[in-house]
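Colleague: The file below is query-v5.pdb, PDB, C-alpha atoms, pLDDT in the B column:
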ATOM      1  CA  MET A   1      33.923 -28.147  24.113  1.00 54.00           C
ATOM      2  CA  THR A   2      31.794 -27.523  27.208  1.00 59.00           C
ATOM      3  CA  GLU A   3      34.316 -24.969  28.433  1.00 68.00           C
ATOM      4  CA  THR A   4      34.099 -23.064  25.121  1.00 82.00           C
ATOM      5  CA  TRP A   5      30.295 -23.177  25.250  1.00 79.00           C
ATOM      6  CA  ASP A   6      30.282 -21.843  28.816  1.00 75.00           C
ATOM      7  CA  GLU A   7      32.640 -19.027  27.843  1.00 76.00           C
ATOM      8  CA  LEU A   8      30.457 -18.107  24.886  1.00 72.00           C
ATOM      9  CA  GLN A   9      27.354 -18.120  27.105  1.00 69.00           C
ATOM     10  CA  GLU A  10      29.094 -15.797  29.575  1.00 76.00           C
ATOM     11  CA  GLU A  11      29.987 -13.401  26.736  1.00 73.00           C
ATOM     12  CA  VAL A  12      26.402 -13.388  25.477  1.00 65.00           C
ATOM     13  CA  ASN A  13      25.084 -12.751  28.996  1.00 70.00           C
ATOM     14  CA  ALA A  14      27.547  -9.881  29.492  1.00 69.00           C
ATOM     15  CA  GLU A  15      26.460  -8.279  26.204  1.00 73.00           C
ATOM     16  CA  MET A  16      22.766  -8.665  27.075  1.00 69.00           C
ATOM     17  CA  GLN A  17      23.324  -6.996  30.440  1.00 72.00           C
ATOM     18  CA  LYS A  18      24.839  -3.978  28.671  1.00 80.00           C
ATOM     19  CA  ILE A  19      21.655  -3.539  26.612  1.00 89.00           C
ATOM     20  CA  TYR A  20      18.791  -4.829  28.788  1.00 92.00           C
ATOM     21  CA  SER A  21      17.842  -4.541  32.433  1.00 95.00           C
ATOM     22  CA  GLU A  22      17.890  -7.634  34.624  1.00 94.00           C
ATOM     23  CA  THR A  23      14.088  -7.500  34.665  1.00 97.00           C
ATOM     24  CA  VAL A  24      13.903  -7.651  30.858  1.00 96.00           C
ATOM     25  CA  ILE A  25      16.339 -10.556  30.754  1.00 94.00           C
ATOM     26  CA  ASP A  26      14.446 -12.389  33.501  1.00 95.00           C
ATOM     27  CA  HIS A  27      11.043 -11.977  31.815  1.00 96.00           C
ATOM     28  CA  ALA A  28      12.476 -12.915  28.402  1.00 95.00           C
ATOM     29  CA  MET A  29      14.218 -16.028  29.711  1.00 93.00           C
ATOM     30  CA  ASN A  30      11.558 -16.996  32.302  1.00 95.00           C
ATOM     31  CA  PRO A  31       8.291 -15.531  31.031  1.00 98.00           C
ATOM     32  CA  ARG A  32       5.275 -15.552  33.306  1.00 97.00           C
ATOM     33  CA  ASN A  33       1.757 -16.460  32.208  1.00 98.00           C
ATOM     34  CA  VAL A  34       2.633 -18.067  28.863  1.00 98.00           C
ATOM     35  CA  GLY A  35      -0.046 -20.050  27.084  1.00 97.00           C
ATOM     36  CA  SER A  36      -3.566 -19.941  25.822  1.00 96.00           C
ATOM     37  CA  MET A  37      -6.597 -20.040  28.089  1.00 96.00           C
ATOM     38  CA  ASP A  38      -9.751 -22.055  27.519  1.00 94.00           C
ATOM     39  CA  ASN A  39     -13.052 -20.217  27.960  1.00 91.00           C
ATOM     40  CA  ALA A  40     -11.381 -16.853  28.459  1.00 95.00           C
ATOM     41  CA  ASP A  41     -13.515 -13.888  29.435  1.00 95.00           C
ATOM     42  CA  GLY A  42     -11.532 -11.600  27.138  1.00 96.00           C
ATOM     43  CA  PHE A  43      -9.177 -12.193  24.226  1.00 96.00           C
ATOM     44  CA  ALA A  44      -7.233 -10.151  21.689  1.00 98.00           C
ATOM     45  CA  ARG A  45      -4.694 -10.766  18.931  1.00 98.00           C
ATOM     46  CA  ILE A  46      -2.701  -7.929  17.402  1.00 98.00           C
ATOM     47  CA  THR A  47       0.094  -7.956  14.862  1.00 97.00           C
ATOM     48  CA  GLY A  48       2.394  -4.975  15.261  1.00 92.00           C
ATOM     49  CA  PRO A  49       4.128  -3.048  12.471  1.00 87.00           C
ATOM     50  CA  CYS A  50       7.297  -5.106  13.029  1.00 90.00           C
ATOM     51  CA  GLY A  51       5.384  -8.304  12.220  1.00 94.00           C
ATOM     52  CA  ASP A  52       5.270  -9.679  15.781  1.00 95.00           C
ATOM     53  CA  THR A  53       1.874 -11.011  16.834  1.00 98.00           C
ATOM     54  CA  MET A  54       0.722 -11.049  20.443  1.00 98.00           C
ATOM     55  CA  GLU A  55      -2.333 -12.727  21.924  1.00 98.00           C
ATOM     56  CA  ILE A  56      -3.686 -12.092  25.407  1.00 98.00           C
ATOM     57  CA  TRP A  57      -6.376 -14.024  27.301  1.00 98.00           C
ATOM     58  CA  LEU A  58      -8.122 -12.787  30.458  1.00 98.00           C
ATOM     59  CA  ARG A  59     -10.106 -14.483  33.187  1.00 98.00           C
ATOM     60  CA  VAL A  60     -12.232 -12.065  35.217  1.00 97.00           C
ATOM     61  CA  ARG A  61     -14.050 -12.748  38.488  1.00 96.00           C
ATOM     62  CA  ASN A  62     -16.000 -10.160  40.492  1.00 93.00           C
ATOM     63  CA  ASP A  63     -14.874  -7.502  37.994  1.00 91.00           C
ATOM     64  CA  SER A  64     -11.181  -8.211  38.722  1.00 97.00           C
ATOM     65  CA  ILE A  65      -8.656  -9.814  36.383  1.00 98.00           C
ATOM     66  CA  VAL A  66      -7.625 -12.951  38.235  1.00 98.00           C
ATOM     67  CA  GLU A  67      -5.658 -14.530  35.428  1.00 98.00           C
ATOM     68  CA  ALA A  68      -3.957 -13.224  32.304  1.00 98.00           C
ATOM     69  CA  SER A  69      -1.881 -15.151  29.812  1.00 98.00           C
ATOM     70  CA  PHE A  70      -0.158 -14.422  26.520  1.00 98.00           C
ATOM     71  CA  MET A  71       1.530 -15.905  23.482  1.00 98.00           C
ATOM     72  CA  THR A  72       3.769 -14.202  20.957  1.00 98.00           C
ATOM     73  CA  ASP A  73       5.783 -15.202  17.946  1.00 97.00           C
ATOM     74  CA  GLY A  74       8.067 -12.248  18.581  1.00 94.00           C
ATOM     75  CA  CYS A  75      11.553 -11.649  19.869  1.00 92.00           C
ATOM     76  CA  GLY A  76      12.825 -11.700  23.445  1.00 94.00           C
ATOM     77  CA  THR A  77      11.656  -8.155  24.138  1.00 96.00           C
ATOM     78  CA  SER A  78       8.147  -9.042  22.921  1.00 97.00           C
ATOM     79  CA  ILE A  79       8.197 -12.017  25.268  1.00 98.00           C
ATOM     80  CA  ALA A  80       9.355  -9.820  28.154  1.00 98.00           C
ATOM     81  CA  ALA A  81       6.698  -7.183  27.387  1.00 98.00           C
ATOM     82  CA  GLY A  82       3.911  -9.783  27.166  1.00 98.00           C
ATOM     83  CA  SER A  83       5.049 -11.372  30.398  1.00 98.00           C
ATOM     84  CA  MET A  84       5.182  -8.028  32.188  1.00 98.00           C
ATOM     85  CA  VAL A  85       1.850  -6.687  30.900  1.00 98.00           C
ATOM     86  CA  THR A  86       0.052  -9.835  32.086  1.00 98.00           C
ATOM     87  CA  GLU A  87       1.647  -9.400  35.509  1.00 98.00           C
ATOM     88  CA  LEU A  88       0.580  -5.745  35.606  1.00 98.00           C
ATOM     89  CA  ALA A  89      -3.011  -6.641  34.654  1.00 98.00           C
ATOM     90  CA  LYS A  90      -3.594  -9.095  37.488  1.00 98.00           C
ATOM     91  CA  ASP A  91      -5.880  -7.902  40.280  1.00 97.00           C
ATOM     92  CA  LYS A  92      -6.938  -4.854  38.246  1.00 98.00           C
ATOM     93  CA  ASN A  93     -10.499  -4.037  37.247  1.00 97.00           C
ATOM     94  CA  ALA A  94     -11.293  -3.228  33.623  1.00 96.00           C
ATOM     95  CA  THR A  95     -10.923   0.527  34.077  1.00 96.00           C
ATOM     96  CA  GLN A  96      -7.518   0.138  35.718  1.00 98.00           C
ATOM     97  CA  ALA A  97      -6.314  -2.368  33.109  1.00 98.00           C
ATOM     98  CA  LEU A  98      -7.354  -0.058  30.268  1.00 98.00           C
ATOM     99  CA  LYS A  99      -5.017   2.569  31.723  1.00 98.00           C
ATOM    100  CA  ILE A 100      -1.910   0.340  31.519  1.00 98.00           C
ATOM    101  CA  SER A 101       0.237   2.082  28.931  1.00 98.00           C
ATOM    102  CA  GLN A 102       3.369   1.476  26.928  1.00 98.00           C
ATOM    103  CA  GLN A 103       5.205   3.656  29.451  1.00 98.00           C
ATOM    104  CA  ASP A 104       3.921   1.547  32.365  1.00 98.00           C
ATOM    105  CA  VAL A 105       5.309  -1.588  30.703  1.00 98.00           C
ATOM    106  CA  LEU A 106       8.606   0.150  29.927  1.00 98.00           C
ATOM    107  CA  ASN A 107       8.902   1.405  33.510  1.00 98.00           C
ATOM    108  CA  ALA A 108       8.141  -2.029  34.972  1.00 98.00           C
ATOM    109  CA  LEU A 109      10.771  -3.619  32.710  1.00 98.00           C
ATOM    110  CA  GLY A 110      13.386  -1.021  33.603  1.00 97.00           C
ATOM    111  CA  GLY A 111      13.320   0.364  30.063  1.00 97.00           C
ATOM    112  CA  LEU A 112      14.045  -0.984  26.598  1.00 97.00           C
ATOM    113  CA  PRO A 113      16.326   0.263  23.839  1.00 96.00           C
ATOM    114  CA  GLU A 114      14.558   2.700  21.523  1.00 96.00           C
ATOM    115  CA  GLU A 115      14.373   0.147  18.696  1.00 95.00           C
ATOM    116  CA  SER A 116      12.536  -2.308  21.002  1.00 96.00           C
ATOM    117  CA  GLN A 117      10.076   0.043  22.696  1.00 97.00           C
ATOM    118  CA  HIS A 118       7.358  -0.858  20.190  1.00 97.00           C
ATOM    119  CA  CYS A 119       7.183  -4.280  21.913  1.00 97.00           C
ATOM    120  CA  ALA A 120       5.842  -2.585  25.057  1.00 98.00           C
ATOM    121  CA  LEU A 121       3.288  -0.734  22.923  1.00 98.00           C
ATOM    122  CA  LEU A 122       2.183  -4.000  21.295  1.00 98.00           C
ATOM    123  CA  ALA A 123       1.729  -5.596  24.727  1.00 98.00           C
ATOM    124  CA  ALA A 124      -0.221  -2.632  26.157  1.00 98.00           C
ATOM    125  CA  ASN A 125      -2.447  -2.377  23.074  1.00 98.00           C
ATOM    126  CA  THR A 126      -3.170  -6.101  23.053  1.00 98.00           C
ATOM    127  CA  LEU A 127      -4.149  -5.960  26.734  1.00 98.00           C
ATOM    128  CA  LYS A 128      -6.482  -3.024  26.039  1.00 98.00           C
ATOM    129  CA  GLU A 129      -8.192  -4.941  23.235  1.00 98.00           C
ATOM    130  CA  ALA A 130      -8.584  -8.033  25.448  1.00 98.00           C
ATOM    131  CA  VAL A 131     -10.205  -5.864  28.145  1.00 98.00           C
ATOM    132  CA  LYS A 132     -12.522  -4.295  25.555  1.00 97.00           C
ATOM    133  CA  ASP A 133     -13.438  -7.803  24.375  1.00 96.00           C
ATOM    134  CA  TYR A 134     -14.261  -8.749  27.976  1.00 96.00           C
ATOM    135  CA  LEU A 135     -16.470  -5.673  28.352  1.00 96.00           C
ATOM    136  CA  VAL A 136     -18.371  -6.448  25.134  1.00 94.00           C
ATOM    137  CA  LEU A 137     -18.956 -10.046  26.232  1.00 86.00           C
ATOM    138  CA  LYS A 138     -19.959  -8.906  29.711  1.00 83.00           C
ATOM    139  CA  ASN A 139     -22.602  -6.588  28.256  1.00 76.00           C
ATOM    140  CA  GLU A 140     -23.659  -8.952  25.465  1.00 74.00           C
ATOM    141  CA  PRO A 141     -22.919 -12.500  26.711  1.00 67.00           C
ATOM    142  CA  TRP A 142     -24.684 -14.145  23.772  1.00 60.00           C
ATOM    143  CA  LYS A 143     -21.755 -13.068  21.548  1.00 64.00           C
ATOM    144  CA  LYS A 144     -19.503 -15.567  23.313  1.00 63.00           C
ATOM    145  CA  SER A 145     -21.328 -18.365  21.454  1.00 59.00           C
ATOM    146  CA  TYR A 146     -20.158 -16.948  18.126  1.00 61.00           C
ATOM    147  CA  LYS A 147     -16.613 -16.193  19.117  1.00 61.00           C
ATOM    148  CA  ARG A 148     -13.513 -17.920  17.756  1.00 57.00           C
ATOM    149  CA  GLN A 149     -10.219 -17.850  19.615  1.00 54.00           C
TER     150      GLN A 149
END
Starting from the coordinates I provided, produce the structure as structure tokens.

Modeller:
Amino acid sequence: MTETWDELQEEVNAEMQKIYSETVIDHAMNPRNVGSMDNADGFARITGPCGDTMEIWLRVRNDSIVEASFMTDGCGTSIAAGSMVTELAKDKNATQALKISQQDVLNALGGLPEESQHCALLAANTLKEAVKDYLVLKNEPWKKSYKRQ
């Protein structure tokens, strides 16, 4: 039975490699920066039109994103996009992070099939909202007391 399982796994891997880049597969199977973050400096949760929800947390020090994490209830491409966008955000200031686009995520992943490209948009938009949340809290720190995450 193990031999049959191994053969099936090889077939699945071969099919995935026809559709997705090695980077997408790596980030989907071994996502970086997964998990929530206590006392985050910025947070956002967005549900995309496909029904996938993504959350992103940011930790900022000296106006630079030093830590970013995410959670999603979405598919493998949502996981890969969340993983990649958090990697792209690290060591960026707010202005730079706000400029990270769907295309930047797609480029970093080596592309996605057309029907999965919305996952990169969800990741980029969620990052932007987390950065905006950080900027609001930076300018009005008292709001952090009333915030739920």

Colleague: Using all atoms listed in the file, pick whichever of A:Gly42, A:Gly35, A:Gly82, A:Gly74 has the shortest atom-to-atom distance to Leu135 of chain A.

Modeller: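 Smallest distance to Leu135 of chain A is found for A:Gly42.
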
Colleague: On this structure, the PyMOL selection byres ((chain A and resi 113) around 12) would catch which residues? List them as a list in words, sorted by chain and number.

Modeller: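 Evaluating the PyMOL selection byres ((chain A and resi 113) around 12) on these coordinates yields Met16, Lys18, Ile19, Tyr20, Ser21, Val24, Thr77, Leu106, Leu109, Gly110, Gly111, Leu112, Glu114, Glu115, Ser116, Gln117, His118, Cys119 and Ala120 of chain A.
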
Colleague: Could you write those residues out with C-alpha atoms, as a PDB file, in the frame of the given file?

Modeller:
ATOM      1  CA  MET A  16      22.766  -8.665  27.075  1.00 69.00           C
ATOM      2  CA  LYS A  18      24.839  -3.978  28.671  1.00 80.00           C
ATOM      3  CA  ILE A  19      21.655  -3.539  26.612  1.00 89.00           C
ATOM      4  CA  TYR A  20      18.791  -4.829  28.788  1.00 92.00           C
ATOM      5  CA  SER A  21      17.842  -4.541  32.433  1.00 95.00           C
ATOM      6  CA  VAL A  24      13.903  -7.651  30.858  1.00 96.00           C
ATOM      7  CA  THR A  77      11.656  -8.155  24.138  1.00 96.00           C
ATOM      8  CA  LEU A 106       8.606   0.150  29.927  1.00 98.00           C
ATOM      9  CA  LEU A 109      10.771  -3.619  32.710  1.00 98.00           C
ATOM     10  CA  GLY A 110      13.386  -1.021  33.603  1.00 97.00           C
ATOM     11  CA  GLY A 111      13.320   0.364  30.063  1.00 97.00           C
ATOM     12  CA  LEU A 112      14.045  -0.984  26.598  1.00 97.00           C
ATOM     13  CA  GLU A 114      14.558   2.700  21.523  1.00 96.00           C
ATOM     14  CA  GLU A 115      14.373   0.147  18.696  1.00 95.00           C
ATOM     15  CA  SER A 116      12.536  -2.308  21.002  1.00 96.00           C
ATOM     16  CA  GLN A 117      10.076   0.043  22.696  1.00 97.00           C
ATOM     17  CA  HIS A 118       7.358  -0.858  20.190  1.00 97.00           C
ATOM     18  CA  CYS A 119       7.183  -4.280  21.913  1.00 97.00           C
ATOM     19  CA  ALA A 120       5.842  -2.585  25.057  1.00 98.00           C
TER      20      ALA A 120
END

Colleague: Can you measure atom CA of Asn93 of chain A to atom CA of Asp52 of chain A for me? One decimal in Å is fine.

Modeller: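 Going from atom CA of Asn93 of chain A over to atom CA of Asp52 of chain A, I get 27.2 Å.
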
Colleague: With distances taken over all atoms listed in the file, which residue among A:Glu67, A:Ala108, A:Ala80, A:Ala44 lies nearest Thr126 of chain A?

Modeller: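 Under the stated criterion, the closest residue is A:Ala44.
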
Colleague: What lies within 8 Å of Val131 of chain A using all atoms listed in the file, ignoring chain neighbours under 4 positions off, as a PyMOL selection string?

Modeller: chain A and resi 42-43+58+94+97-98+127+135

Colleague: Of the residues A:Asp73, A:Glu22, A:Asp38, A:Asp104, which is the one nearest to Asn125 of chain A, using only C-alpha atoms?

Modeller: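 Counting only C-alpha atoms, the residue closest to Asn125 of chain A is A:Asp104.
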
Colleague: Any chance you could work out the axis-aligned box around segment 68-85 of chain A, listed atoms only, 5 Å on each side, giving centre and edge lengths in Å to one decimal, as AutoDock Vina command-line options?

Modeller:
--center_x 4.4 --center_y -11.3 --center_z 25.1 --size_x 26.8 --size_y 19.2 --size_z 24.4
